[in-house]
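J.: If you scroll down you'll find the structure; I have some questions about it.
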Amino acid sequence: MSIRFQILSGHELDRFISLRIRQLREEGAAEDIDLTPSLKDYYTRHMADGTFVSWLAMEDDEIIGTSGMSFVEKPPYFGCPNGRIGLLSSMYTDPGHRRRGIARELLSRVIEEARNYGCSVVQITASDMGVYLYTDFGFKKNENFMQYKL
């Protein structure tokens, strides 16, 4: 079968959300809440205003890989002089299609989207499995990242 790559549209959004939830569960999320409405609201709003983009890997009509890039702006700093940051998320490949270069191709495409948006930096909180892909691609670990949960 031939794999094709395309930008996420509203037509694939429900299937994209199902894969995002599947990804979060595979990464260990155990919370018992329904994220579907919140995810649908987020993606709908941010796709419409251009601050979220996703490339999909498709085989026939099935989504076999996903990616996502959210664009945010922070006050400029020396490591990001224009303050535009790409937040990488939703990197997921169906287990039956892994180790075929799909994730790398999706990553290349969303990195290019961040470059076109004018981002100076792309950040991700990587899963253990994803660290190898991102390191190989050229990402560097930042020891300064901390989080405070509200």
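Simple scheme: letters A, B, ... for chains in structure tokens order, numbers from 1 for residues in each chain, numbers from 1 for ligands in the order shown.
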Please list as a list in words every residue within 8 Å of stretch 98-103 of chain A, counting only C-alpha atoms and excluding residues in the same chain fewer than 3 positions away.
T.: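 Counting only the stated atoms, we get Ala57, Gly65, Thr66, Ser67, Met91, Tyr92, Thr93, Asp94, Pro95, Leu106, Leu107 and Leu133 of chain A.
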J.: Find the spatial neighbours of A:Arg25, counting only C-alpha atoms, within a cut-off of 12 Å - ignore same-chain residues fewer than 6 positions away - and output them as number ranges by chain.
T.: A: 18-19, 31-33, 35, 92, 127
J.: Write the residues you've just listed into a file as a compact mmCIF listing (two decimals), in the first residue's frame, and include C-alpha atoms for each of them.
T.:
```
# COMPACT_ATOMS: atom_id res chain seq x y z
CA SER A 18 -9.33 9.20 18.80
CA LEU A 19 -5.69 8.58 17.89
CA GLU A 31 -7.20 9.58 34.28
CA ASP A 32 -10.85 8.73 33.89
CA ILE A 33 -12.12 11.80 32.04
CA LEU A 35 -11.02 14.57 26.72
CA TYR A 92 1.98 9.07 16.90
CA SER A 127 7.85 10.14 25.53
```
J.: Output as a tab-separated table one row per residue of stretch 4-88 of chain A within 10 Å of stretch 116-121 of chain A: the closest atom pair and its distance in Å to one decimal place, counting only C-alpha atoms, sorted by chain and residue number ascending.
T.:
```
residue	atom	partner	partner_atom	distance
A:Gly50	CA	A:Tyr117	CA	9.3
A:Thr51	CA	A:Tyr117	CA	9.0
A:Phe71	CA	A:Cys119	CA	7.8
A:Val72	CA	A:Cys119	CA	8.7
A:Glu73	CA	A:Cys119	CA	8.7
A:Pro76	CA	A:Ser120	CA	9.9
A:Gly79	CA	A:Val121	CA	7.9
A:Cys80	CA	A:Ser120	CA	5.3
A:Pro81	CA	A:Ser120	CA	7.2
A:Asn82	CA	A:Ser120	CA	6.7
A:Gly83	CA	A:Ser120	CA	7.2
A:Arg84	CA	A:Cys119	CA	4.5
A:Ile85	CA	A:Cys119	CA	5.0
A:Gly86	CA	A:Cys119	CA	6.1
A:Leu87	CA	A:Val121	CA	8.7
```
J.: Find the residues near A:Glu12: any atom within 10 Å, counting only C-alpha atoms, skip ones fewer than 5 places away on the same chain, and give them as a list in words.
T.: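 What passes the distance filter is Ile7, Ile17, Leu56, Asp61, Glu62 and Ile63 of chain A.
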J.: Go ahead and write the selection's residues with C-alpha atoms as a PDB file, in the first residue's frame.
T.:
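File again.pdb, as written:
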```
ATOM      1  CA  ILE A   7      -2.764  18.316   6.242  1.00  0.00           C
ATOM      2  CA  ILE A  17      -8.813  12.939  18.284  1.00  0.00           C
ATOM      3  CA  LEU A  56      -1.225  13.024   8.729  1.00  0.00           C
ATOM      4  CA  ASP A  61      -8.580   6.184   4.054  1.00  0.00           C
ATOM      5  CA  GLU A  62      -6.964   5.179   7.362  1.00  0.00           C
ATOM      6  CA  ILE A  63      -4.853   7.563   9.478  1.00  0.00           C
TER       7      ILE A  63
END
```
J.: Using only C-alpha atoms, pick whichever of A:Leu8, A:Val53, A:Ile3, A:Leu39 has the shortest atom-to-atom distance to A:Ile21.
T.: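 Closest candidate: A:Leu39.
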J.: Mind checking DSSP for chain A and telling me the strand (DSSP E or B) residues as a PyMOL selection string?
T.: chain A and resi 3-7+52-53+55-59+62-73+77+80+84-93+121-123
J.: Give me a file of those residues, with C-alpha atoms, as a short mmCIF file (atom, residue, chain, number, x, y, z; two decimals), in the first residue's frame.
T.:
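The resulting file, again.cif, is shown below:
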```cif
data_model
loop_
_atom_site.label_atom_id
_atom_site.label_comp_id
_atom_site.auth_asym_id
_atom_site.auth_seq_id
_atom_site.Cartn_x
_atom_site.Cartn_y
_atom_site.Cartn_z
CA ILE A 3 1.38 6.07 2.12
CA ARG A 4 0.37 9.64 1.39
CA PHE A 5 0.78 12.70 3.58
CA GLN A 6 -1.82 15.43 3.99
CA ILE A 7 -2.76 18.32 6.24
CA PHE A 52 -2.33 24.63 15.08
CA VAL A 53 -1.39 22.47 12.14
CA TRP A 55 0.26 16.51 9.03
CA LEU A 56 -1.23 13.02 8.73
CA ALA A 57 0.12 9.82 7.21
CA MET A 58 -2.68 8.03 5.37
CA GLU A 59 -2.93 4.55 3.96
CA GLU A 62 -6.96 5.18 7.36
CA ILE A 63 -4.85 7.56 9.48
CA ILE A 64 -1.69 5.63 10.37
CA GLY A 65 0.39 8.52 11.71
CA THR A 66 -0.19 11.94 13.21
CA SER A 67 1.74 15.04 14.12
CA GLY A 68 0.85 18.41 15.55
CA MET A 69 2.38 21.85 15.96
CA SER A 70 0.88 24.61 18.08
CA PHE A 71 2.25 28.10 17.64
CA VAL A 72 2.64 30.32 20.70
CA GLU A 73 4.36 33.60 21.37
CA TYR A 77 14.65 35.87 25.03
CA CYS A 80 14.29 32.74 20.92
CA ARG A 84 7.65 32.54 18.46
CA ILE A 85 7.72 28.95 19.63
CA GLY A 86 6.39 25.79 18.05
CA LEU A 87 5.02 23.27 20.55
CA LEU A 88 5.25 19.82 19.02
CA SER A 89 2.59 17.29 20.02
CA SER A 90 0.49 14.42 18.75
CA MET A 91 3.44 12.55 17.24
CA TYR A 92 1.98 9.07 16.90
CA THR A 93 2.34 6.16 14.49
CA VAL A 121 12.41 27.29 18.52
CA VAL A 122 10.43 24.05 18.60
CA GLN A 123 9.83 22.34 21.94
#
```
J.: Write out as a PyMOL selection string the set of residues from stretch 19-61 of chain A that DSSP, computed on the backbone, places in helix (DSSP H, G or I).
T.: chain A and resi 19-26+36-48
J.: Write to file, as a CSV table (one decimal), in the first residue's frame, the residues of the selection just made, with N, CA and C atoms.
T.:
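That gives us result_12.csv:
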```
chain,number,residue,atom,x,y,z
A,19,LEU,N,-7.1,9.0,17.9
A,19,LEU,CA,-5.7,8.6,17.9
A,19,LEU,C,-4.9,9.3,19.0
A,20,ARG,N,-5.2,10.6,19.2
A,20,ARG,CA,-4.5,11.4,20.2
A,20,ARG,C,-4.8,10.8,21.6
A,21,ILE,N,-6.1,10.4,21.8
A,21,ILE,CA,-6.4,9.8,23.1
A,21,ILE,C,-5.7,8.4,23.2
A,22,ARG,N,-5.7,7.7,22.2
A,22,ARG,CA,-5.0,6.4,22.2
A,22,ARG,C,-3.5,6.6,22.5
A,23,GLN,N,-2.9,7.6,21.9
A,23,GLN,CA,-1.5,7.9,22.2
A,23,GLN,C,-1.3,8.2,23.6
A,24,LEU,N,-2.1,9.1,24.2
A,24,LEU,CA,-2.0,9.5,25.6
A,24,LEU,C,-2.1,8.2,26.5
A,25,ARG,N,-3.0,7.3,26.2
A,25,ARG,CA,-3.2,6.1,27.0
A,25,ARG,C,-1.9,5.2,26.9
A,26,GLU,N,-1.4,5.1,25.6
A,26,GLU,CA,-0.2,4.3,25.5
A,26,GLU,C,1.0,4.9,26.3
A,36,THR,N,-12.4,14.2,24.8
A,36,THR,CA,-12.9,14.4,23.4
A,36,THR,C,-13.5,15.8,23.2
A,37,PRO,N,-14.4,16.3,24.1
A,37,PRO,CA,-15.0,17.6,23.8
A,37,PRO,C,-13.9,18.7,23.9
A,38,SER,N,-13.0,18.6,24.9
A,38,SER,CA,-12.0,19.7,25.0
A,38,SER,C,-11.0,19.6,23.9
A,39,LEU,N,-10.6,18.4,23.4
A,39,LEU,CA,-9.7,18.3,22.3
A,39,LEU,C,-10.4,18.9,21.0
A,40,LYS,N,-11.6,18.5,20.8
A,40,LYS,CA,-12.4,19.0,19.6
A,40,LYS,C,-12.5,20.6,19.6
A,41,ASP,N,-12.7,21.1,20.8
A,41,ASP,CA,-12.8,22.6,20.9
A,41,ASP,C,-11.4,23.2,20.6
A,42,TYR,N,-10.4,22.7,21.2
A,42,TYR,CA,-9.0,23.2,21.0
A,42,TYR,C,-8.6,23.1,19.5
A,43,TYR,N,-8.7,22.0,18.9
A,43,TYR,CA,-8.3,21.8,17.5
A,43,TYR,C,-9.1,22.6,16.6
A,44,THR,N,-10.4,22.7,16.8
A,44,THR,CA,-11.3,23.5,15.9
A,44,THR,C,-10.9,25.0,16.0
A,45,ARG,N,-10.7,25.5,17.2
A,45,ARG,CA,-10.4,26.9,17.3
A,45,ARG,C,-9.0,27.2,16.7
A,46,HIS,N,-8.1,26.4,17.0
A,46,HIS,CA,-6.7,26.7,16.6
A,46,HIS,C,-6.4,26.4,15.2
A,47,MET,N,-7.1,25.4,14.6
A,47,MET,CA,-7.0,25.2,13.2
A,47,MET,C,-7.5,26.4,12.4
A,48,ALA,N,-8.6,26.9,13.0
A,48,ALA,CA,-9.3,28.1,12.3
A,48,ALA,C,-8.5,29.3,12.3
```
